[in-house]
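J.: upload38.txt is the file, holding compact mmCIF, C-alpha atoms and all ligand atoms:
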```txt
# COMPACT_ATOMS: atom_id res chain seq x y z
CA MET A 5 16.54 127.49 150.14
CA LEU A 6 15.88 128.36 153.74
CA LEU A 7 13.96 125.79 155.78
CA ALA A 8 12.52 128.51 158.02
CA ASP A 9 10.79 130.20 155.07
CA LEU A 10 9.03 127.07 153.77
CA THR A 11 5.65 125.72 154.80
CA SER A 12 5.39 122.22 156.19
CA PRO A 13 3.61 120.92 153.03
CA GLN A 14 6.45 122.38 150.94
CA VAL A 15 8.98 120.44 153.02
CA ARG A 16 6.91 117.25 152.66
CA ASP A 17 7.04 117.61 148.87
CA LEU A 18 10.77 118.26 148.59
CA ASP A 19 13.08 115.73 146.93
CA LYS A 20 14.67 114.04 149.96
CA ASN A 21 17.97 113.67 148.10
CA LEU A 22 18.41 117.40 148.63
CA PRO A 23 21.51 118.14 150.73
CA VAL A 24 20.71 119.77 154.08
CA LEU A 25 23.11 122.25 155.66
CA ILE A 26 22.96 122.83 159.44
CA PRO A 27 25.06 125.88 160.38
CA ILE A 28 26.37 125.87 163.98
CA ALA A 29 28.35 128.65 165.62
CA ALA A 30 28.77 130.29 169.04
CA HIS A 31 28.33 133.31 171.30
CA GLU A 32 31.58 133.89 173.20
CA GLN A 33 34.32 136.38 173.94
CA HIS A 34 36.42 137.48 170.95
CA GLY A 35 39.10 139.56 172.64
CA ALA A 36 38.78 143.27 173.37
CA HIS A 37 37.95 144.30 169.80
CA LEU A 38 35.31 141.91 168.38
CA PRO A 39 31.74 141.25 169.51
CA LEU A 40 30.53 138.11 171.23
CA PHE A 41 28.45 137.07 168.24
CA THR A 42 31.45 137.08 165.84
CA ASP A 43 31.38 133.37 164.95
CA SER A 44 27.65 133.53 164.25
CA TYR A 45 27.97 136.69 162.15
CA LEU A 46 30.78 135.17 160.08
CA LEU A 47 29.14 131.80 159.49
CA GLY A 48 25.87 133.62 158.76
CA GLU A 49 27.61 135.53 155.96
CA ILE A 50 29.10 132.36 154.48
CA VAL A 51 25.67 130.72 154.59
CA ARG A 52 24.12 133.80 152.98
CA ARG A 53 26.62 133.57 150.11
CA THR A 54 26.01 129.83 149.79
CA GLU A 55 22.27 130.39 149.58
CA ALA A 56 22.81 133.05 146.93
CA THR A 57 24.72 130.71 144.61
CA ARG A 58 23.15 127.30 145.46
CA SER A 59 19.59 128.24 146.39
CA ALA A 60 17.88 125.35 144.57
CA GLU A 61 20.52 122.81 145.52
CA VAL A 62 20.62 122.93 149.31
CA LEU A 63 18.17 123.20 152.20
CA ILE A 64 19.57 125.39 154.99
CA THR A 65 18.34 125.25 158.59
CA PRO A 66 18.43 128.32 160.87
CA LEU A 67 21.86 128.95 162.35
CA GLN A 68 22.33 127.35 165.78
CA TRP A 69 24.16 130.07 167.69
CA LEU A 70 24.45 128.34 171.10
CA GLY A 71 27.69 126.40 171.02
CA ASN A 72 30.26 124.50 173.09
CA SER A 73 32.16 127.44 174.59
CA HIS A 74 32.99 126.58 178.19
CA HIS A 75 36.69 127.20 177.50
CA HIS A 76 35.80 130.88 177.00
CA ARG A 77 33.84 131.20 180.24
CA ASP A 78 36.82 132.82 181.99
CA PHE A 79 35.79 135.98 180.12
CA PRO A 80 32.34 137.53 180.70
CA GLY A 81 29.57 137.20 178.14
CA ALA A 82 30.04 133.72 176.77
CA LEU A 83 26.80 131.75 176.54
CA SER A 84 27.66 128.07 176.36
CA ALA A 85 25.62 124.89 176.30
CA GLN A 86 26.60 122.15 178.72
CA PRO A 87 28.84 119.92 176.56
CA ARG A 88 26.74 116.75 176.87
CA MET A 89 23.53 118.69 176.33
CA TYR A 90 25.09 120.18 173.21
CA LEU A 91 25.80 116.72 171.83
CA ASP A 92 22.14 115.78 172.37
CA LEU A 93 20.97 119.04 170.79
CA LEU A 94 22.94 118.39 167.58
CA GLN A 95 21.81 114.78 167.41
CA GLY A 96 18.22 115.88 167.94
CA MET A 97 18.33 118.26 164.98
CA VAL A 98 19.94 115.70 162.67
CA ASN A 99 17.50 112.98 163.76
CA ASN A 100 14.55 115.30 163.08
CA LEU A 101 15.78 115.73 159.51
CA LEU A 102 16.37 111.98 159.09
CA ASP A 103 12.83 111.34 160.37
CA ASP A 104 11.54 113.74 157.69
CA GLY A 105 13.30 111.64 155.04
CA PHE A 106 16.44 113.67 154.34
CA HIS A 107 19.66 111.69 154.35
CA ARG A 108 22.43 113.90 152.93
CA ILE A 109 23.32 116.15 155.83
CA LEU A 110 26.20 118.52 156.47
CA ILE A 111 26.82 120.23 159.80
CA LEU A 112 28.78 123.35 158.83
CA ASN A 113 30.69 124.68 161.81
CA GLY A 114 31.92 128.17 162.61
CA HIS A 115 33.54 127.64 166.04
CA GLY A 116 36.49 125.42 166.97
CA GLY A 117 34.94 124.25 170.25
CA ASN A 118 32.11 122.59 168.32
CA ASP A 119 34.50 120.36 166.36
CA ILE A 120 34.62 117.39 168.71
CA PRO A 121 30.93 117.31 169.78
CA GLY A 122 29.83 117.86 166.17
CA GLN A 123 31.85 114.93 164.89
CA GLN A 124 30.79 112.79 167.86
CA ALA A 125 27.12 113.59 167.15
CA MET A 126 27.45 112.32 163.57
CA PHE A 127 29.49 109.30 164.69
CA GLU A 128 26.84 108.22 167.19
CA ILE A 129 23.94 108.66 164.75
CA ARG A 130 25.74 106.49 162.21
CA GLN A 131 26.21 103.75 164.83
CA GLN A 132 22.55 103.99 165.84
CA GLN A 133 21.47 103.62 162.20
CA ARG A 134 24.13 101.14 161.14
CA GLN A 135 21.76 99.03 159.07
CA ARG A 136 21.28 101.87 156.58
CA SER A 137 23.48 102.39 153.53
CA ASP A 138 21.92 105.63 152.27
CA LEU A 139 23.25 108.03 154.92
CA LEU A 140 25.71 110.81 154.16
CA LEU A 141 26.52 112.47 157.49
CA LEU A 142 29.19 115.14 157.12
CA PHE A 143 30.76 117.64 159.48
CA SER A 144 33.25 120.39 158.67
CA SER A 145 34.40 123.74 159.92
CA TYR A 146 34.09 126.25 157.09
CA TRP A 147 37.74 127.35 157.11
CA LYS A 148 38.89 123.77 156.52
CA LEU A 149 37.01 123.64 153.21
CA ARG A 150 39.12 126.34 151.54
CA PRO A 151 40.19 125.07 148.11
CA THR A 152 43.63 126.69 148.38
CA GLU A 153 45.82 128.10 151.13
CA VAL A 154 45.67 131.87 151.65
CA GLU A 155 47.98 133.74 149.29
CA SER A 156 50.92 135.15 151.23
CA ALA A 157 51.29 137.78 148.51
CA ARG A 158 48.15 139.40 149.94
CA GLY A 159 50.08 140.18 153.12
CA PHE A 160 48.61 137.52 155.37
CA GLN A 161 50.55 136.90 158.58
CA GLN A 162 48.54 133.83 159.53
CA THR A 163 48.33 130.59 157.62
CA GLU A 164 45.68 129.06 159.90
CA MET A 165 42.55 130.21 161.68
CA GLY A 166 43.15 131.66 165.16
CA HIS A 167 40.66 133.37 167.44
CA ALA A 168 39.55 137.01 167.04
CA CYS A 169 42.60 136.97 164.81
CA GLU A 170 43.74 138.47 161.50
CA TRP A 171 41.25 136.28 159.63
CA GLU A 172 38.19 136.81 161.82
CA THR A 173 38.87 140.51 162.29
CA SER A 174 39.28 140.96 158.53
CA MET A 175 35.94 139.32 157.84
CA MET A 176 34.21 141.39 160.53
CA LEU A 177 35.71 144.55 159.00
CA GLN A 178 34.11 143.51 155.71
CA ILE A 179 30.56 142.89 156.99
CA ALA A 180 30.22 144.94 160.19
CA PRO A 181 33.06 147.46 160.63
CA HIS A 182 30.94 149.41 163.14
CA LEU A 183 31.28 146.45 165.54
CA VAL A 184 35.08 146.25 165.32
CA GLY A 185 37.06 147.98 168.07
CA ASN A 186 40.70 148.99 168.21
CA TYR A 187 42.30 146.00 166.50
CA ARG A 188 45.34 147.94 165.28
CA GLU A 189 46.92 148.02 168.74
CA ALA A 190 46.11 144.42 169.61
CA THR A 191 49.40 142.63 170.28
CA ALA A 192 50.11 139.40 168.45
CA VAL A 193 49.46 136.21 170.45
CA GLU A 194 51.16 133.17 168.96
CA PRO A 195 49.04 130.04 168.70
CA ASN A 196 51.85 128.08 170.43
CA GLY A 197 50.87 124.53 171.05
CA SER A 198 51.84 122.71 174.24
CA PHE A 199 52.94 119.10 174.61
CA LEU A 200 52.38 118.58 170.86
CA PRO A 201 51.48 116.36 169.21
CA ALA A 202 49.41 115.37 172.23
CA TYR A 203 46.15 117.22 172.76
CA ARG A 204 46.26 119.29 175.92
CA ALA A 205 42.95 120.41 177.39
CA TRP A 206 42.83 124.18 177.81
CA VAL A 207 40.87 127.19 178.90
CA THR A 208 41.43 130.44 177.03
CA GLN A 209 43.32 132.08 179.92
CA ASP A 210 46.00 129.37 179.55
CA ARG A 211 46.85 130.64 176.09
CA SER A 212 45.84 134.29 175.95
CA ALA A 213 45.42 136.87 178.69
CA VAL A 214 43.70 139.22 176.21
CA GLY A 215 41.33 136.69 174.66
CA HIS A 216 42.53 136.67 171.05
CA ILE A 217 44.98 134.24 169.45
CA GLY A 218 46.71 135.47 166.30
CA CYS A 219 47.55 138.83 164.73
CA PRO A 220 44.45 141.06 164.55
CA ALA A 221 46.55 144.18 163.86
CA PHE A 222 47.14 142.96 160.29
CA ALA A 223 43.44 142.72 159.46
CA SER A 224 41.80 144.53 156.54
CA SER A 225 38.40 144.44 154.88
CA GLU A 226 40.09 143.46 151.59
CA LYS A 227 41.53 140.37 153.26
CA GLY A 228 38.07 139.72 154.70
CA GLU A 229 36.39 139.74 151.29
CA TYR A 230 39.10 137.44 149.94
CA LEU A 231 38.56 135.00 152.84
CA PHE A 232 34.77 135.01 152.48
CA THR A 233 35.13 134.22 148.76
CA LEU A 234 37.62 131.44 149.49
CA PHE A 235 35.52 129.82 152.22
CA ALA A 236 32.17 130.17 150.40
CA THR A 237 33.73 128.58 147.32
CA GLY A 238 34.81 125.64 149.44
CA VAL A 239 31.34 125.20 150.93
CA ALA A 240 29.70 125.32 147.49
CA ALA A 241 32.15 122.70 146.21
CA LEU A 242 31.26 120.33 149.06
CA ILE A 243 27.53 120.78 148.36
CA ASP A 244 28.21 119.89 144.73
CA ARG A 245 29.96 116.69 145.86
CA MET A 246 26.99 115.85 148.11
CA LEU A 247 24.65 116.27 145.13
CA CYS A 248 26.83 114.08 142.92
CA TRP A 249 27.14 111.26 145.47
CA ASN A 250 25.49 108.10 144.10
CA GLY A 251 23.49 107.51 147.28
CA HIS A 252 25.15 104.37 148.62
CA SER A 253 28.92 104.06 148.10
CA TRP A 254 31.65 104.99 150.59
CA ARG A 255 33.59 106.93 147.99
CA ASP A 256 32.29 110.23 146.63
ZN ZN B 301 35.62 133.07 166.38
```
Could you write out this file's structure as structure tokens?

T.:
Amino acid sequence: MLLADLTSPQVRDLDKNLPVLIPIAAHEQHGAHLPLFTDSYLLGEIVRRTEATRSAEVLITPLQWLGNSHHHRDFPGALSAQPRMYLDLLQGMVNNLLDDGFHRILILNGHGGNDIPGQQAMFEIRQQQRQRSDLLLLFSSYWKLRPTEVESARGFQQTEMGHACEWETSMMLQIAPHLVGNYREATAVEPNGSFLPAYRAWVTQDRSAVGHIGCPAFASSEKGEYLFTLFATGVAALIDRMLCWNGHSWRD
């Protein structure tokens, strides 16, 4: 069910063991062929499918579209929260829900730049509430929840998520083809790491002059539908595990 559509008395009367899903995404450049709101459109579709199959089993907050996107600010149009403010924003939302009595909470992410602040937000809340044993504070990006790897027989060039890539372009072709530009002539940009396995801080211009990372030219709406099904299945499975958790143990 959608939190935004409930009344306050309805929220008061909900079973507080209900899992809560907080979707977070971004508004940032996605190369020359995808719109700025791509991450929010894609996560919105996965949330829509989750709500359709698990309506009674999960409470979903409105999607938080403002993300941690400073590494995309070398292209026009990105709207990005200051990183430390973003951490406070996420903690504020989770703490509001804890104050209302909910304690099984999943931040579901749709943008790579939110990974570190999202996990840090949950880490800090757990430390602040370390006397409690009833908290389930989870964070995951949706593409990491896929129950299987993508089937190469379907013609996928990529085995991992990139940026404005084969995967994201395919999903946009499936839900909003009118917003997809000329992806067929987009040259492949390898995700090449640098100084691996160390983490090297980066801005997008370091890695891609055109803004995308991956192989958008291989995108198709059929691949997009396949990916949405795969990712939504993974999200639903995690919600089921949250529901089955006994309420106190470390193991699920
Ligand atoms: Zn994206």

J.: I'd like a table as a tab-separated table: residues in chain A with an atom no more than 10 Å from ligand ZN 301 (chain B), each row giving the shortest atom pair and its distance in Å to one decimal, all atoms listed in the file counted, sorted by chain and rising residue number.

T.:
```
residue	atom	partner	partner_atom	distance
A:Ala29	CA	B:ZN301	ZN	8.5
A:Ala30	CA	B:ZN301	ZN	7.9
A:His31	CA	B:ZN301	ZN	8.8
A:Glu32	CA	B:ZN301	ZN	8.0
A:Gln33	CA	B:ZN301	ZN	8.4
A:His34	CA	B:ZN301	ZN	6.4
A:Gly35	CA	B:ZN301	ZN	9.7
A:Leu38	CA	B:ZN301	ZN	9.1
A:Pro39	CA	B:ZN301	ZN	9.6
A:Leu40	CA	B:ZN301	ZN	8.7
A:Phe41	CA	B:ZN301	ZN	8.4
A:Thr42	CA	B:ZN301	ZN	5.8
A:Asp43	CA	B:ZN301	ZN	4.5
A:Ser44	CA	B:ZN301	ZN	8.3
A:Tyr45	CA	B:ZN301	ZN	9.5
A:Leu46	CA	B:ZN301	ZN	8.2
A:Leu47	CA	B:ZN301	ZN	9.5
A:Gly114	CA	B:ZN301	ZN	7.2
A:His115	CA	B:ZN301	ZN	5.8
A:Gly116	CA	B:ZN301	ZN	7.7
A:Gly117	CA	B:ZN301	ZN	9.7
A:Met165	CA	B:ZN301	ZN	8.8
A:Gly166	CA	B:ZN301	ZN	7.8
A:His167	CA	B:ZN301	ZN	5.2
A:Ala168	CA	B:ZN301	ZN	5.6
A:Cys169	CA	B:ZN301	ZN	8.1
A:Trp171	CA	B:ZN301	ZN	9.4
A:Glu172	CA	B:ZN301	ZN	6.4
A:Thr173	CA	B:ZN301	ZN	9.1
A:His216	CA	B:ZN301	ZN	9.1
A:Ile217	CA	B:ZN301	ZN	9.9
```

J.: Where does range 49-98 of chain A meet range 243-254 of chain A within 9 Å, residue by residue, with the nearest atom pair and distance in Å to one decimal for each, counting all atoms listed in the file, listed by chain and rising number, as JSON lines?

T.:
```
{"residue": "A:Arg58", "atom": "CA", "partner": "A:Ile243", "partner_atom": "CA", "distance": 8.4}
{"residue": "A:Glu61", "atom": "CA", "partner": "A:Leu247", "partner_atom": "CA", "distance": 7.7}
{"residue": "A:Val62", "atom": "CA", "partner": "A:Ile243", "partner_atom": "CA", "distance": 7.3}
```

J.: In the coordinates of the file, take the point (31.3, 143.2, 156.3) and a cut-off of 12 Å; then, counting all atoms listed in the file, name each qualifying protein, DNA or RNA residue as a PyMOL selection string.

T.: chain A and resi 42+45-46+48-50+172-184+224-232

J.: Please work out which residues fall within 6 Å of (42.3, 126.4, 159.1), coordinates as given in the file, with all atoms listed in the file counting, and return them as a list in words.

T.: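 Using all atoms listed in the file, the matching residues come out as Trp147, Lys148, Glu164 and Met165 of chain A.
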
J.: Which distance in Å separates CA of Thr65 in chain A and CA of Ile111 in chain A, to one decimal?

T.: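 Calculated distance between CA of Thr65 in chain A and CA of Ile111 in chain A is 9.9 Å.
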
J.: Which neighbours of Arg108 in chain A fall inside 8 Å, counting only C-alpha atoms, when residues of the same chain fewer than 5 positions from it are skipped, and could you give them as a ChimeraX atom specification?

T.: /A:21-24,139-141,246

J.: From the list A:Thr237, A:Gln135, A:Ser73, A:Ser12, which residue is nearest Leu149 in chain A when using only C-alpha atoms?

T.: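 For Leu149 in chain A, the nearest of the given residues is A:Thr237.
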
J.: Give the answer as one residue: which of A:Ala213, A:Ile28, A:Val193, A:Ala223 has the shortest atom-to-atom distance to Asn118 in chain A, using all atoms listed in the file?

T.: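 Comparing A:Ala213, A:Ile28, A:Val193, A:Ala223 against Asn118 in chain A, the winner is A:Ile28.
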
J.: Give the answer as one residue: which of A:Val98, A:Ala205, A:Leu70, A:Leu112 has the shortest atom-to-atom distance to Gly238 in chain A, using only C-alpha atoms?

T.: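 Nearest to Gly238 in chain A: A:Leu112.
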
J.: Which is closer to Gln95 in chain A than all the others in A:Pro80, A:Trp69, A:His107, A:Glu128, using only C-alpha atoms?

T.: A:Glu128

J.: Could you state the separation of CA of Val51 in chain A and CA of Ser145 in chain A in Å, given to one decimal place?

T.: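 Answer for the CA of Val51 in chain A to CA of Ser145 in chain A separation: 12.4 Å.
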
J.: Separation of CA of Thr233 in chain A and CA of Leu83 in chain A, in Å?

T.: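 Between CA of Thr233 in chain A and CA of Leu83 in chain A the gap works out to 29.1 Å.
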
J.: Counting all atoms listed in the file, what is within 8 Å of Thr163 in chain A, bar same-chain residues fewer than 2 positions away, as a PyMOL selection string?

T.: chain A and resi 153-154+160-161+165

J.: Kindly indicate which residue among A:Ser144, A:Thr11, A:Ala36, A:Ala236 lies nearest to Tyr187 in chain A, using all atoms listed in the file for the distances.

T.: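 Distance minimum relative to Tyr187 in chain A lands on A:Ala36.
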
J.: Need the shell around Pro13 in chain A: protein/DNA/RNA residues with any atom at most 12 Å away, counting all atoms listed in the file. Skip same-chain ones fewer than 5 positions apart. Format as a VMD selection string?

T.: chain A and resid 7 18 104

J.: Write out as a PDB file with C-alpha atoms, in the coordinates of the input the residues lying within 9 Å of Leu91 in chain A, counting all atoms listed in the file and excluding same-chain residues fewer than 3 positions away.

T.:
```pdb
ATOM      1  CA  GLN A  86      26.600 122.150 178.720  1.00  0.00           C
ATOM      2  CA  PRO A  87      28.840 119.920 176.560  1.00  0.00           C
ATOM      3  CA  ARG A  88      26.740 116.750 176.870  1.00  0.00           C
ATOM      4  CA  LEU A  94      22.940 118.390 167.580  1.00  0.00           C
ATOM      5  CA  GLN A  95      21.810 114.780 167.410  1.00  0.00           C
ATOM      6  CA  GLY A  96      18.220 115.880 167.940  1.00  0.00           C
ATOM      7  CA  PRO A 121      30.930 117.310 169.780  1.00  0.00           C
ATOM      8  CA  GLY A 122      29.830 117.860 166.170  1.00  0.00           C
ATOM      9  CA  GLN A 124      30.790 112.790 167.860  1.00  0.00           C
ATOM     10  CA  ALA A 125      27.120 113.590 167.150  1.00  0.00           C
TER      11      ALA A 125
END
```

J.: Could you check the closest approach to Leu102 in chain A for each of A:Gln133, A:Ser156, A:Thr191, A:Thr57 and tell me which residue wins, using only C-alpha atoms?

T.: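 Of all the options, A:Gln133 lies closest to Leu102 in chain A.
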
J.: Can you sort out range 77-99 of chain A so it carries N, CA and C atoms, written as a short mmCIF file (atom, residue, chain, number, x, y, z; two decimals), keeping the file's coordinate frame?

T.:
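This is the output file out_16.cif:
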```cif
data_model
loop_
_atom_site.label_atom_id
_atom_site.label_comp_id
_atom_site.auth_asym_id
_atom_site.auth_seq_id
_atom_site.Cartn_x
_atom_site.Cartn_y
_atom_site.Cartn_z
N ARG A 77 34.63 130.68 179.13
CA ARG A 77 33.84 131.20 180.24
C ARG A 77 34.69 131.98 181.25
N ASP A 78 36.02 132.00 181.09
CA ASP A 78 36.82 132.82 181.99
C ASP A 78 36.82 134.29 181.55
N PHE A 79 36.05 134.60 180.51
CA PHE A 79 35.79 135.98 180.12
C PHE A 79 34.27 136.18 180.17
N PRO A 80 33.79 137.34 180.59
CA PRO A 80 32.34 137.53 180.70
C PRO A 80 31.64 137.52 179.33
N GLY A 81 30.42 137.07 179.33
CA GLY A 81 29.57 137.20 178.14
C GLY A 81 29.36 135.95 177.35
N ALA A 82 30.21 134.95 177.53
CA ALA A 82 30.04 133.72 176.77
C ALA A 82 28.78 132.99 177.22
N LEU A 83 27.96 132.59 176.26
CA LEU A 83 26.80 131.75 176.54
C LEU A 83 27.10 130.38 175.96
N SER A 84 27.19 129.38 176.81
CA SER A 84 27.66 128.07 176.36
C SER A 84 26.72 126.98 176.82
N ALA A 85 26.43 126.06 175.92
CA ALA A 85 25.62 124.89 176.30
C ALA A 85 26.48 123.94 177.12
N GLN A 86 25.88 123.23 178.05
CA GLN A 86 26.60 122.15 178.72
C GLN A 86 27.06 121.16 177.65
N PRO A 87 28.33 120.73 177.68
CA PRO A 87 28.84 119.92 176.56
C PRO A 87 28.00 118.70 176.21
N ARG A 88 27.53 117.95 177.20
CA ARG A 88 26.74 116.75 176.87
C ARG A 88 25.36 117.12 176.35
N MET A 89 24.81 118.22 176.86
CA MET A 89 23.53 118.69 176.33
C MET A 89 23.70 119.12 174.87
N TYR A 90 24.85 119.71 174.57
CA TYR A 90 25.09 120.18 173.21
C TYR A 90 25.13 119.01 172.22
N LEU A 91 25.76 117.93 172.66
CA LEU A 91 25.80 116.72 171.83
C LEU A 91 24.38 116.24 171.54
N ASP A 92 23.54 116.21 172.56
CA ASP A 92 22.14 115.78 172.37
C ASP A 92 21.38 116.74 171.46
N LEU A 93 21.66 118.03 171.62
CA LEU A 93 20.97 119.04 170.79
C LEU A 93 21.28 118.82 169.31
N LEU A 94 22.57 118.61 168.99
CA LEU A 94 22.94 118.39 167.58
C LEU A 94 22.32 117.10 167.05
N GLN A 95 22.40 116.05 167.86
CA GLN A 95 21.81 114.78 167.41
C GLN A 95 20.31 114.92 167.21
N GLY A 96 19.66 115.69 168.08
CA GLY A 96 18.22 115.88 167.94
C GLY A 96 17.87 116.54 166.62
N MET A 97 18.63 117.57 166.25
CA MET A 97 18.33 118.26 164.98
C MET A 97 18.55 117.33 163.80
N VAL A 98 19.67 116.60 163.80
CA VAL A 98 19.94 115.70 162.67
C VAL A 98 18.89 114.60 162.61
N ASN A 99 18.51 114.05 163.76
CA ASN A 99 17.50 112.98 163.76
C ASN A 99 16.15 113.48 163.29
#
```
